[in-house]
$ cat target-v3.txt   # compact mmCIF, C-alpha atoms
# COMPACT_ATOMS: atom_id res chain seq x y z
CA MET A 1429 128.07 25.28 64.55
CA ALA A 1430 131.73 25.40 65.59
CA ARG A 1431 133.78 28.03 63.76
CA HIS A 1432 136.70 25.76 62.92
CA SER A 1433 139.64 27.05 60.95
CA PRO A 1434 140.76 24.92 57.99
CA VAL A 1435 144.26 24.98 59.50
CA THR A 1436 145.34 21.81 61.29
CA GLY A 1437 148.37 20.99 63.39
CA ARG A 1438 150.46 17.83 63.68
CA TYR A 1439 153.68 16.61 65.24
CA VAL A 1440 156.43 14.76 63.41
CA THR A 1441 159.56 13.34 65.03
CA ILE A 1442 162.87 13.81 63.21
CA GLU A 1443 166.54 13.26 63.96
CA VAL A 1444 168.99 16.03 63.09
CA ASP A 1445 172.74 15.72 63.74
CA GLY A 1446 172.04 13.14 66.44
CA LEU A 1447 169.34 15.24 68.16
CA GLU A 1448 165.77 14.00 68.39
CA TYR A 1449 163.10 16.62 67.81
CA LYS A 1450 159.33 16.36 67.95
CA VAL A 1451 158.34 19.12 65.55
CA PHE A 1452 154.97 20.84 65.51
CA TYR A 1453 153.63 22.26 62.28
CA LEU A 1454 150.46 23.90 61.00
CA HIS A 1455 149.26 23.29 57.47
CA ASN A 1456 146.48 24.06 55.04
CA GLY A 1457 146.12 23.86 51.29
CA THR A 1458 146.97 21.69 48.32
CA GLY A 1459 149.54 21.93 45.58
CA THR A 1460 153.13 23.09 45.66
CA PRO A 1461 154.51 22.86 49.21
CA LEU A 1462 155.26 26.30 50.63
CA VAL A 1463 157.34 25.77 53.76
CA CYS A 1464 157.38 28.75 56.12
CA GLN A 1465 159.88 29.63 58.84
CA HIS A 1466 159.01 32.10 61.61
CA THR A 1467 161.41 34.78 62.86
CA ALA A 1468 163.93 34.39 65.69
CA GLY A 1469 162.45 33.95 69.15
CA CYS A 1470 158.97 33.48 67.74
CA HIS A 1471 156.69 30.70 66.45
CA ASN A 1472 154.49 29.67 63.59
CA HIS A 1473 151.45 31.83 64.46
CA GLN A 1474 153.23 34.58 62.59
CA TRP A 1475 151.94 32.86 59.45
CA ARG A 1476 148.29 32.79 60.60
CA GLY A 1477 147.13 35.07 57.77
CA LEU A 1478 148.81 33.07 55.04
CA LEU A 1479 147.59 29.76 56.46
CA GLU A 1480 143.98 30.91 56.03
CA ASP A 1481 144.42 32.70 52.71
CA GLU A 1482 142.04 30.82 50.40
CA GLU A 1483 143.47 32.32 47.23
CA ILE A 1484 146.94 31.00 48.01
CA THR A 1485 146.05 27.72 49.75
CA LYS A 1486 144.03 26.57 46.74
CA ASN A 1487 147.33 26.21 44.85
CA TYR A 1488 149.90 25.89 47.63
CA ASN A 1489 150.24 23.48 50.53
CA VAL A 1490 151.24 25.98 53.20
CA ILE A 1491 153.27 24.39 56.01
CA ALA A 1492 154.46 26.52 58.91
CA TYR A 1493 156.53 24.69 61.49
CA ASP A 1494 157.92 25.64 64.86
CA LEU A 1495 161.69 25.34 64.85
CA ALA A 1496 162.96 23.20 67.72
CA ARG A 1497 162.78 25.07 71.08
CA HIS A 1498 160.04 27.39 69.72
CA GLY A 1499 156.27 27.32 70.16
CA LYS A 1500 155.11 23.72 70.50
CA SER A 1501 158.37 22.14 69.26
CA ASP A 1502 160.34 21.13 72.34
CA PRO A 1503 164.09 21.24 72.73
CA PRO A 1504 165.86 17.97 71.82
CA LEU A 1505 164.44 15.04 73.72
CA ASN A 1506 167.57 12.89 73.91
CA VAL A 1507 170.11 15.29 75.48
CA GLU A 1508 170.34 17.41 78.63
CA TRP A 1509 169.95 20.62 76.65
CA TRP A 1510 169.66 22.75 79.78
CA LYS A 1511 173.35 22.17 80.57
CA SER A 1512 174.73 24.10 77.62
CA GLU A 1513 174.08 27.51 76.08
CA TYR A 1514 171.90 27.42 72.98
CA LYS A 1515 173.59 28.85 69.89
CA LEU A 1516 172.00 27.99 66.56
CA THR A 1517 174.47 27.32 63.74
CA ALA A 1518 173.86 27.62 60.01
CA GLU A 1519 174.74 23.97 59.45
CA HIS A 1520 172.31 22.61 62.04
CA TYR A 1521 169.57 24.97 60.91
CA VAL A 1522 169.91 23.86 57.26
CA ASN A 1523 170.00 20.21 58.30
CA PHE A 1524 166.87 20.66 60.43
CA ILE A 1525 164.88 22.12 57.55
CA VAL A 1526 165.98 19.46 55.07
CA LYS A 1527 165.18 16.64 57.53
CA PHE A 1528 161.77 18.16 58.19
CA CYS A 1529 161.00 18.37 54.47
CA ASP A 1530 162.26 14.80 54.00
CA ALA A 1531 160.07 13.55 56.84
CA LEU A 1532 156.99 15.05 55.19
CA GLU A 1533 158.15 13.71 51.81
CA LEU A 1534 157.78 17.15 50.26
CA ARG A 1535 158.64 17.26 46.55
CA ASP A 1536 160.16 20.49 45.23
CA PRO A 1537 159.00 22.73 48.06
CA ILE A 1538 159.34 26.49 48.02
CA PHE A 1539 160.97 27.71 51.21
CA MET A 1540 160.05 31.09 52.68
CA GLY A 1541 161.35 32.58 55.90
CA SER A 1542 161.59 36.00 57.47
CA SER A 1543 164.56 37.57 59.25
CA PHE A 1544 166.65 34.64 60.54
CA GLY A 1545 164.31 32.52 58.41
CA GLY A 1546 165.19 34.68 55.43
CA ASN A 1547 168.88 34.33 56.08
CA VAL A 1548 168.60 30.54 56.25
CA ALA A 1549 166.68 30.65 52.96
CA LEU A 1550 169.89 32.03 51.44
CA GLN A 1551 171.85 29.24 53.10
CA LEU A 1552 169.46 26.68 51.56
CA ALA A 1553 169.83 28.23 48.12
CA LEU A 1554 173.60 28.00 48.50
CA HIS A 1555 173.92 24.52 50.00
CA ARG A 1556 170.78 22.63 48.87
CA PRO A 1557 169.54 24.05 45.55
CA ASP A 1558 168.77 20.43 44.62
CA ARG A 1559 166.17 20.12 47.38
CA PHE A 1560 164.11 23.29 46.89
CA LYS A 1561 162.18 24.59 43.91
CA ALA A 1562 162.86 28.18 44.99
CA VAL A 1563 163.38 30.30 48.09
CA ILE A 1564 161.79 33.55 49.26
CA PRO A 1565 164.12 35.23 51.75
CA VAL A 1566 162.09 37.92 53.51
CA GLU A 1567 163.91 40.67 55.45
CA ALA A 1568 167.23 38.94 54.72
CA ALA A 1569 170.79 39.84 53.79
CA ASP A 1570 174.15 38.23 53.27
CA TYR A 1571 175.24 39.47 56.69
CA ALA A 1572 173.24 40.98 59.55
CA PRO A 1573 175.46 41.91 62.50
CA GLY A 1574 174.47 43.72 65.67
CA PHE A 1575 171.61 41.78 67.25
CA PHE A 1576 173.45 39.07 69.23
CA LEU A 1577 172.93 40.99 72.47
CA ASP A 1578 173.03 40.06 76.15
CA TRP A 1579 169.96 42.22 76.79
CA TRP A 1580 167.63 39.55 75.38
CA ARG A 1581 168.13 37.35 78.43
CA HIS A 1582 169.59 39.62 81.08
CA PRO A 1583 168.55 38.25 84.49
CA HIS A 1584 167.99 41.74 85.92
CA ALA A 1585 165.36 42.69 83.34
CA ASN A 1586 162.02 41.23 82.27
CA ALA A 1587 163.33 39.27 79.30
CA ALA A 1588 159.87 38.70 77.83
CA GLN A 1589 159.22 42.45 77.64
CA VAL A 1590 162.76 43.26 76.52
CA CYS A 1591 162.42 40.88 73.56
CA ALA A 1592 158.90 41.97 72.67
CA SER A 1593 159.44 45.71 72.99
CA GLY A 1594 162.99 45.42 71.68
CA VAL A 1595 161.59 44.34 68.32
CA TRP A 1596 158.62 46.72 68.44
CA ASP A 1597 160.08 49.30 66.12
CA LEU A 1598 161.15 46.67 63.65
CA MET A 1599 157.50 47.07 62.66
CA ALA A 1600 156.08 49.94 60.63
CA PRO A 1601 153.94 52.53 62.42
CA GLN A 1602 151.33 52.08 59.69
CA SER A 1603 150.78 48.42 60.54
CA PRO A 1604 147.53 47.80 62.44
CA ASP A 1605 147.71 48.00 66.24
CA ARG A 1606 146.02 44.63 66.63
CA ASP A 1607 148.60 42.82 64.54
CA ARG A 1608 151.57 44.66 65.98
CA TRP A 1609 150.43 43.78 69.50
CA LEU A 1610 149.85 40.15 68.49
CA THR A 1611 153.42 40.07 67.23
CA TRP A 1612 154.53 41.68 70.51
CA HIS A 1613 152.59 38.98 72.35
CA TYR A 1614 154.32 36.19 70.41
CA TYR A 1615 157.66 37.76 71.24
CA THR A 1616 156.99 37.57 74.96
CA GLN A 1617 156.92 33.78 74.58
CA GLY A 1618 160.37 33.05 73.19
CA ALA A 1619 162.77 35.07 75.30
CA GLU A 1620 164.97 32.11 76.30
CA VAL A 1621 165.82 31.19 72.71
CA PHE A 1622 165.94 34.60 71.06
CA LYS A 1623 169.61 35.24 71.76
CA GLY A 1624 170.62 31.73 70.67
CA ASP A 1625 168.71 32.19 67.42
CA LEU A 1626 170.49 35.48 66.88
CA TYR A 1627 173.84 33.73 67.12
CA PHE A 1628 172.94 32.35 63.72
CA TYR A 1629 171.40 35.59 62.52
CA SER A 1630 174.17 38.00 63.46
CA VAL A 1631 177.27 35.83 63.87
CA ASP A 1632 177.31 32.45 62.12
CA HIS A 1633 175.44 33.58 59.01
CA ASP A 1634 177.92 35.38 56.80
CA LEU A 1635 177.65 34.88 53.04
CA ARG A 1636 179.46 38.05 52.01
CA ARG A 1637 181.99 36.08 49.99
CA GLN A 1638 179.65 33.33 48.80
CA LEU A 1639 176.75 35.09 47.09
CA ALA A 1640 178.27 34.47 43.67
CA ASP A 1641 178.09 30.74 44.43
CA ILE A 1642 174.30 30.84 44.72
CA ASP A 1643 172.75 29.75 41.45
CA GLY A 1644 169.48 31.61 41.25
CA LYS A 1645 168.73 29.96 37.96
CA ARG A 1646 168.71 26.47 39.42
CA CYS A 1647 166.96 27.62 42.60
CA PRO A 1648 165.27 31.01 42.07
CA VAL A 1649 165.82 33.52 44.86
CA VAL A 1650 163.17 36.22 45.31
CA MET A 1651 164.06 38.58 48.16
CA MET A 1652 161.60 41.00 49.77
CA THR A 1653 162.23 43.63 52.45
CA GLY A 1654 160.04 46.23 54.12
CA SER A 1655 160.94 49.90 54.03
CA TYR A 1656 160.75 50.21 57.85
CA ASP A 1657 163.22 47.40 58.54
CA TYR A 1658 166.17 49.02 60.34
CA LEU A 1659 167.94 45.72 60.96
CA THR A 1660 168.06 44.56 57.36
CA PRO A 1661 167.34 47.81 55.58
CA PRO A 1662 166.15 47.70 51.96
CA GLU A 1663 169.57 48.61 50.61
CA ALA A 1664 171.14 45.61 52.39
CA THR A 1665 168.69 43.21 50.76
CA GLU A 1666 168.99 44.88 47.38
CA ASN A 1667 172.77 44.69 47.57
CA THR A 1668 172.51 40.98 48.41
CA ALA A 1669 170.07 40.15 45.62
CA ARG A 1670 172.19 41.99 43.08
CA GLN A 1671 175.13 39.67 43.77
CA ILE A 1672 173.10 36.47 43.26
CA LYS A 1673 172.79 35.10 39.73
CA ASN A 1674 169.25 35.92 38.61
CA GLY A 1675 168.44 37.23 42.07
CA VAL A 1676 165.25 39.26 42.40
CA TYR A 1677 164.64 42.08 44.88
CA ILE A 1678 161.22 43.47 45.77
CA GLU A 1679 160.90 46.41 48.16
CA MET A 1680 157.77 46.41 50.28
CA THR A 1681 156.58 49.90 51.13
CA ASP A 1682 155.23 50.91 54.55
CA ILE A 1683 155.88 47.60 56.27
CA GLY A 1684 158.59 46.29 58.56
CA HIS A 1685 160.61 43.24 59.61
CA PHE A 1686 157.63 40.96 60.42
CA PRO A 1687 155.48 41.59 57.34
CA MET A 1688 153.46 38.36 57.40
CA SER A 1689 152.57 38.98 61.03
CA GLU A 1690 152.32 42.77 61.35
CA ASN A 1691 150.29 43.45 58.20
CA TYR A 1692 149.32 40.35 56.22
CA PRO A 1693 146.88 42.08 53.82
CA LEU A 1694 149.73 44.24 52.57
CA PHE A 1695 152.33 41.45 52.63
CA ARG A 1696 150.17 39.15 50.50
CA VAL A 1697 150.27 41.66 47.63
CA TYR A 1698 154.04 41.27 47.45
CA LEU A 1699 153.96 37.55 48.17
CA LYS A 1700 151.64 36.91 45.22
CA GLU A 1701 154.11 38.75 43.00
CA ALA A 1702 157.00 36.64 44.34
CA LEU A 1703 155.05 33.44 43.66
CA ARG A 1704 154.19 34.66 40.16
CA ILE A 1705 157.88 35.25 39.43
CA ILE A 1706 158.74 31.78 40.71
CA ARG A 1707 156.05 30.18 38.53
CA GLU A 1708 157.38 32.08 35.56
CA ARG A 1709 160.96 31.01 36.19
CA THR A 1710 160.26 27.38 36.99
CA GLY A 1711 157.79 26.86 34.17
CA ASP A 1712 154.88 25.93 36.44
CA MET B 1353 154.94 71.85 66.79
CA ALA B 1354 155.23 72.73 70.48
CA THR B 1355 158.08 75.17 71.08
CA ASP B 1356 156.93 76.40 74.50
CA VAL B 1357 158.69 73.89 76.72
CA LYS B 1358 156.37 74.36 79.70
CA GLY B 1359 153.36 73.87 77.49
CA TRP B 1360 154.99 70.84 75.90
CA ALA B 1361 155.76 69.33 79.32
CA SER B 1362 152.17 69.78 80.43
CA LYS B 1363 150.84 68.14 77.29
CA PHE B 1364 153.32 65.26 77.43
CA LYS B 1365 152.46 64.63 81.09
CA SER B 1366 148.75 64.67 80.34
CA LEU B 1367 149.14 62.26 77.42
CA THR B 1368 151.29 59.91 79.50
CA ASP B 1369 149.11 59.94 82.59
CA SER B 1370 145.95 59.23 80.59
CA ASP B 1371 147.42 56.56 78.30
CA PRO B 1372 145.56 53.26 78.81
CA THR B 1373 148.40 51.09 77.43
CA ILE B 1374 150.84 52.46 79.99
CA ALA B 1375 148.22 52.31 82.76
CA ALA B 1376 147.55 48.63 81.96
CA MET B 1377 151.03 47.75 83.23
CA GLY B 1378 152.09 51.03 84.82
CA LYS B 1379 152.96 49.70 88.26
CA TYR B 1380 156.75 49.83 88.82
CA TYR B 1381 157.33 51.99 85.75
CA THR B 1382 159.60 54.15 87.86
CA CYS B 1383 162.74 55.73 86.43
CA THR B 1384 164.25 59.05 85.38
CA PHE B 1385 165.53 59.81 81.92
CA MET B 1386 166.75 62.69 79.79
CA TYR B 1387 165.58 63.63 76.33
CA ASP B 1388 168.58 65.52 74.95
CA MET B 1389 167.36 67.36 71.85
CA THR B 1390 170.65 69.27 71.43
CA ASP B 1391 168.95 72.68 71.46
CA ARG B 1392 167.00 71.73 74.57
CA LYS B 1393 167.18 69.10 77.30
CA VAL B 1394 164.45 67.83 79.60
CA ILE B 1395 164.50 65.26 82.41
CA VAL B 1396 161.36 63.15 82.81
CA GLU B 1397 160.78 61.54 86.18
CA MET B 1398 158.34 58.61 86.17
CA HIS B 1399 156.70 56.98 89.19
CA ASP B 1400 154.42 53.93 88.89
CA GLY B 1401 153.47 54.82 85.34
CA LYS B 1402 152.72 58.49 85.95
CA VAL B 1403 154.85 61.56 85.30
CA LYS B 1404 156.06 62.76 88.68
CA ASN B 1405 157.96 65.71 87.27
CA ILE B 1406 159.42 67.09 84.04
CA ASN B 1407 162.48 69.21 84.64
CA THR B 1408 162.53 71.62 81.70
CA ASP B 1409 165.69 73.44 82.72
CA PRO B 1410 168.08 70.79 84.03
CA GLY B 1411 171.26 71.90 85.73
CA PRO B 1412 174.62 70.23 85.29
CA LEU B 1413 174.28 68.13 88.44
CA ASP B 1414 170.67 67.02 87.97
CA ALA B 1415 170.63 63.22 87.93
CA TYR B 1416 168.95 60.73 85.63
CA ASP B 1417 169.28 57.02 84.88
CA PHE B 1418 169.79 57.16 81.13
CA ALA B 1419 169.67 59.64 78.27
CA LEU B 1420 168.60 59.74 74.63
CA ARG B 1421 170.73 62.21 72.68
CA ALA B 1422 170.17 63.26 69.08
CA SER B 1423 170.01 66.34 66.90
CA ALA B 1424 166.98 68.61 67.07
CA GLN B 1425 166.09 67.55 63.54
CA THR B 1426 165.98 63.88 64.56
CA TRP B 1427 163.64 64.74 67.45
CA ARG B 1428 161.41 66.64 65.06
CA GLU B 1429 161.32 63.51 62.89
CA PHE B 1430 160.36 61.40 65.93
CA ALA B 1431 157.41 63.73 66.50
CA GLN B 1432 155.86 63.35 63.07
CA PRO B 1433 152.41 61.70 63.23
CA VAL B 1434 153.80 58.93 60.99
CA PRO B 1435 157.60 59.07 61.22
CA ARG B 1436 159.75 58.25 58.24
CA PRO B 1437 161.62 54.92 58.19
CA MET B 1438 164.54 54.83 60.63
CA PHE B 1439 162.98 57.63 62.71
CA HIS B 1440 160.16 55.42 63.96
CA GLY B 1441 161.73 54.29 67.22
CA ILE B 1442 164.76 54.40 69.48
CA TRP B 1443 166.21 51.14 68.15
CA ALA B 1444 165.80 52.16 64.52
CA ALA B 1445 167.31 55.60 65.07
CA SER B 1446 170.20 54.32 67.17
CA PHE B 1447 171.07 51.69 64.53
CA ARG B 1448 170.63 53.94 61.48
CA GLU B 1449 170.51 57.62 62.52
CA ASP B 1450 172.25 59.85 65.07
CA LEU B 1451 170.45 58.78 68.25
CA LYS B 1452 172.77 57.81 71.11
CA LEU B 1453 171.57 55.79 74.11
CA GLU B 1454 173.70 56.62 77.13
CA GLY B 1455 173.78 56.02 80.87
CA ASN B 1456 172.44 52.99 82.71
CA LEU B 1457 170.81 51.10 79.87
CA LEU B 1458 169.75 48.32 82.23
CA VAL B 1459 167.14 50.71 83.61
CA LEU B 1460 165.93 51.38 80.07
CA MET B 1461 165.64 47.64 79.43
CA GLN B 1462 163.82 47.06 82.71
CA ASN B 1463 161.22 49.60 81.64
CA LEU B 1464 161.31 49.06 77.89
CA ARG B 1465 157.64 48.23 77.31
CA ASN B 1466 156.27 51.37 78.87
CA PHE B 1467 159.14 53.59 77.83
CA THR B 1468 158.52 52.63 74.20
CA VAL B 1469 154.80 53.33 74.44
CA GLN B 1470 155.48 56.67 76.08
CA PHE B 1471 158.14 57.64 73.54
CA GLU B 1472 155.59 57.25 70.76
CA LEU B 1473 153.36 59.81 72.51
CA LEU B 1474 155.79 62.39 71.11
CA ARG B 1475 153.88 61.84 67.86
CA LYS B 1476 150.91 63.51 69.58
CA SER B 1477 152.67 66.02 71.81
CA GLY B 1478 155.29 67.20 69.35
CA VAL B 1479 158.74 68.18 70.66
CA PRO B 1480 159.93 71.53 72.07
CA VAL B 1481 162.63 72.12 69.47

$ encode --input "target-v3.txt" --output "structure tokens"
Amino acid sequence: MARHSPVTGRYVTIEVDGLEYKVFYLHNGTGTPLVCQHTAGCHNHQWRGLLEDEEITKNYNVIAYDLARHGKSDPPLNVEWWKSEYKLTAEHYVNFIVKFCDALELRDPIFMGSSFGGNVALQLALHRPDRFKAVIPVEAADYAPGFFLDWWRHPHANAAQVCASGVWDLMAPQSPDRDRWLTWHYYTQGAEVFKGDLYFYSVDHDLRRQLADIDGKRCPVVMMTGSYDYLTPPEATENTARQIKNGVYIEMTDIGHFPMSENYPLFRVYLKEALRIIRERTGD
Amino acid sequence: MATDVKGWASKFKSLTDSDPTIAAMGKYYTCTFMYDMTDRKVIVEMHDGKVKNINTDPGPLDAYDFALRASAQTWREFAQPVPRPMFHGIWAASFREDLKLEGNLLVLMQNLRNFTVQFELLRKSGVPV
């Protein structure tokens, strides 16, 4: 008897700002769509624990996609992408996510992302509160400077190891070795896009003067950050949430910047609370 | 906490040389770096994943590729079995605490995987300050 996972993968082709993308996504579950974005330079296996969580997938249709250029989603198919430097912008990132949700005909999805996925969750709440039931920005802040570094793709170093070990202590020492090394392994696979992703994360994403424009009543915003996150420390997330109307902040103890990937059993405790708050606020 | 620097060096060398994670990719892990703990400095010389020498009394002209400089208290925090947040690695402490990374950081990046694994062995060896 084959030990198949209930998780299945599919490709869907979308057009975003004139670029054609064949997007790979994993999904499992029924109910409210819960769309999940991986972290910069990574791919959707970071959500492997959530995708197989029976308690959550019985009520939520969990969809974890690979952003273009990551995992099994190729770079754009209709341009010579190798002739220009990749720098992800907030506008293109938001447009990509909306087009992906449109392609899958998702009604009132909840969007959750971590790190640069968390920051774009804030962008979605600001620019497209009409399209999302709620957002869960994980390890996010209004502004996160300092990580747009040349080291991520320096030709004189092993970029795969620099990216993977460069994010190693974004994780908590308490997180299990197996899951920290899996996360390390994923990070060896995205070295060529990491820096371009971080252009969005550390440069183009700056909502310091726009948080008051996010209506957390129309689109609830539940932010969660781990106590070992040095890049977006808990106080940065708390300060962001406080400036959003009806914003919620949850601190996650003894976990780091990749909570869904480095220690899912602990992360799910906080995630269930975030989903409960969203149900309460949206009347579900 | 190890305060005898010779004893510390022996223990740190033993932990490094017997670490299976470093040994798994130890080939070419060759570089020389300083741990500057303010009250004490040491220079660790690595060759193919093994400690070739630990200079526990470096002179002013002794060379190294890069250095990690922080207060003695920060080094003591690094050496806790489970360090507090922001003292749990060189990136965390350089972003949020008083750790300074100096010298030829390209060499650090070229050896980052094994250097990071080895740095965490301080949680077992303690630090000599």

$ closest_residue --input "target-v3.txt" --among "A:Arg1670, A:His1584, A:Lys1623, A:Lys1527" --to "chain B" --atoms "all atoms listed in the file"
A:His1584

$ residues_around --input "target-v3.txt" --residues "A:Thr1616" --least-positions-apart "4" --cutoff "8 Å" --atoms "only C-alpha atoms" --output "PyMOL selection string"
chain A and resi 1587-1589+1591-1592+1612

$ residues_around --input "target-v3.txt" --residues "A:Met1651" --least-positions-apart "3" --cutoff "10 Å" --atoms "all atoms listed in the file" --output "compact mmCIF listing (two decimals) with C-alpha atoms, in the coordinates of the input"
# COMPACT_ATOMS: atom_id res chain seq x y z
CA MET A 1540 160.05 31.09 52.68
CA SER A 1542 161.59 36.00 57.47
CA GLY A 1546 165.19 34.68 55.43
CA ALA A 1549 166.68 30.65 52.96
CA LEU A 1550 169.89 32.03 51.44
CA VAL A 1563 163.38 30.30 48.09
CA ILE A 1564 161.79 33.55 49.26
CA PRO A 1565 164.12 35.23 51.75
CA VAL A 1566 162.09 37.92 53.51
CA GLU A 1567 163.91 40.67 55.45
CA ALA A 1568 167.23 38.94 54.72
CA ALA A 1569 170.79 39.84 53.79
CA PRO A 1648 165.27 31.01 42.07
CA THR A 1665 168.69 43.21 50.76
CA GLU A 1666 168.99 44.88 47.38
CA THR A 1668 172.51 40.98 48.41
CA ALA A 1669 170.07 40.15 45.62
CA GLY A 1675 168.44 37.23 42.07
CA VAL A 1676 165.25 39.26 42.40
CA TYR A 1677 164.64 42.08 44.88
CA ILE A 1678 161.22 43.47 45.77
CA GLU A 1679 160.90 46.41 48.16
CA ALA A 1702 157.00 36.64 44.34

$ atom_distance --input "target-v3.txt" --atom1 "atom CA of B:Asp1450" --atom2 "atom CA of B:Trp1427"
10.2 Å

$ closest_residue --input "target-v3.txt" --among "A:Lys1500, A:Gln1638, A:Asp1445, A:Gln1551" --to "A:Asn1523" --atoms "only C-alpha atoms"
A:Asp1445

$ atom_distance --input "target-v3.txt" --atom1 "atom CA of B:Glu1449" --atom2 "atom CA of B:Ala1361"
25.2 Å

$ atom_distance --input "target-v3.txt" --atom1 "atom CA of B:Ala1419" --atom2 "atom CA of A:Tyr1656"
24.2 Å

$ closest_atom_pairs --input "target-v3.txt" --of "chain B" --to "chain A" --cutoff "8 Å" --atoms "all atoms listed in the file" --output "Markdown table"
| residue | atom | partner | partner_atom | distance |
| --- | --- | --- | --- | --- |
| B:Val1434 | CA | A:Pro1601 | CA | 6.6 |
| B:Pro1435 | CA | A:Pro1601 | CA | 7.6 |
| B:Pro1437 | CA | A:Tyr1656 | CA | 4.8 |
| B:Met1438 | CA | A:Tyr1658 | CA | 6.0 |
| B:His1440 | CA | A:Asp1597 | CA | 6.5 |
| B:Gly1441 | CA | A:Asp1597 | CA | 5.4 |
| B:Ile1442 | CA | A:Asp1597 | CA | 7.7 |
| B:Trp1443 | CA | A:Asp1597 | CA | 6.7 |
| B:Ala1444 | CA | A:Tyr1658 | CA | 5.2 |
| B:Phe1447 | CA | A:Tyr1658 | CA | 7.0 |
| B:Arg1448 | CA | A:Tyr1658 | CA | 6.7 |
| B:Leu1458 | CA | A:Ala1585 | CA | 7.2 |
| B:Met1461 | CA | A:Val1590 | CA | 6.0 |
| B:Gln1462 | CA | A:Ala1585 | CA | 4.7 |
| B:Leu1464 | CA | A:Val1590 | CA | 6.1 |
| B:Arg1465 | CA | A:Ser1593 | CA | 5.3 |
| B:Thr1468 | CA | A:Ser1593 | CA | 7.1 |

$ write_last_selection --input "target-v3.txt" --atoms "C-alpha atoms" --output "compact mmCIF listing (two decimals), in the coordinates of the input"
# COMPACT_ATOMS: atom_id res chain seq x y z
CA VAL B 1434 153.80 58.93 60.99
CA PRO B 1435 157.60 59.07 61.22
CA PRO B 1437 161.62 54.92 58.19
CA MET B 1438 164.54 54.83 60.63
CA HIS B 1440 160.16 55.42 63.96
CA GLY B 1441 161.73 54.29 67.22
CA ILE B 1442 164.76 54.40 69.48
CA TRP B 1443 166.21 51.14 68.15
CA ALA B 1444 165.80 52.16 64.52
CA PHE B 1447 171.07 51.69 64.53
CA ARG B 1448 170.63 53.94 61.48
CA LEU B 1458 169.75 48.32 82.23
CA MET B 1461 165.64 47.64 79.43
CA GLN B 1462 163.82 47.06 82.71
CA LEU B 1464 161.31 49.06 77.89
CA ARG B 1465 157.64 48.23 77.31
CA THR B 1468 158.52 52.63 74.20

$ closest_residue --input "target-v3.txt" --among "B:Val1396, B:Leu1457, B:Met1389, B:Leu1473" --to "A:Asp1578" --atoms "only C-alpha atoms"
B:Leu1457

$ residues_around --input "target-v3.txt" --residues "A:Leu1462" --least-positions-apart "4" --cutoff "7 Å" --atoms "all atoms listed in the file" --output "JSON, numbers by chain"
{"A": [1488, 1489, 1490, 1491, 1537, 1538, 1539]}

$ closest_residue --input "target-v3.txt" --among "A:Glu1701, A:Asp1632, A:Asp1607, A:Asp1558" --to "A:Phe1686" --atoms "all atoms listed in the file"
A:Asp1607

$ closest_residue --input "target-v3.txt" --among "A:Gly1624, A:Pro1662, A:Pro1503, A:Gly1457" --to "A:Thr1681" --atoms "all atoms listed in the file"
A:Pro1662

$ residues_around --input "target-v3.txt" --residues "B:Asp1388" --least-positions-apart "4" --cutoff "12 Å" --atoms "only C-alpha atoms" --output "ChimeraX atom specification"
/B:1392-1396,1408-1410,1416,1418-1427,1450-1454,1479-1481

$ closest_residue --input "target-v3.txt" --among "B:Thr1384, B:Ser1446, B:Asn1407, B:Gln1432" --to "B:Asn1463" --atoms "all atoms listed in the file"
B:Thr1384

$ residues_around --input "target-v3.txt" --residues "A:Asn1506" --least-positions-apart "6" --cutoff "12 Å" --atoms "all atoms listed in the file" --output "ChimeraX atom specification"
/A:1441-1450

$ write_last_selection --input "target-v3.txt" --atoms "C-alpha atoms" --output "CSV table (one decimal), keeping the file's coordinate frame"
chain,number,residue,atom,x,y,z
A,1441,THR,CA,159.6,13.3,65.0
A,1442,ILE,CA,162.9,13.8,63.2
A,1443,GLU,CA,166.5,13.3,64.0
A,1444,VAL,CA,169.0,16.0,63.1
A,1445,ASP,CA,172.7,15.7,63.7
A,1446,GLY,CA,172.0,13.1,66.4
A,1447,LEU,CA,169.3,15.2,68.2
A,1448,GLU,CA,165.8,14.0,68.4
A,1449,TYR,CA,163.1,16.6,67.8
A,1450,LYS,CA,159.3,16.4,68.0

$ axis_aligned_box --input "target-v3.txt" --around "stretch 1572-1582 of chain A" --padding-each-side "8 Å" --output "JSON"
{"center_x": 171.5, "center_y": 40.5, "center_z": 70.3, "size_x": 23.8, "size_y": 22.4, "size_z": 37.5}

$ residues_near_point --input "target-v3.txt" --point "(160.8, 26.9, 66.0)" --cutoff "12 Å" --atoms "only C-alpha atoms" --output "ChimeraX atom specification"
/A:1449-1454,1464-1474,1492-1504,1516,1521,1524-1525,1528,1541,1544-1545,1617-1618,1621-1622,1624-1625
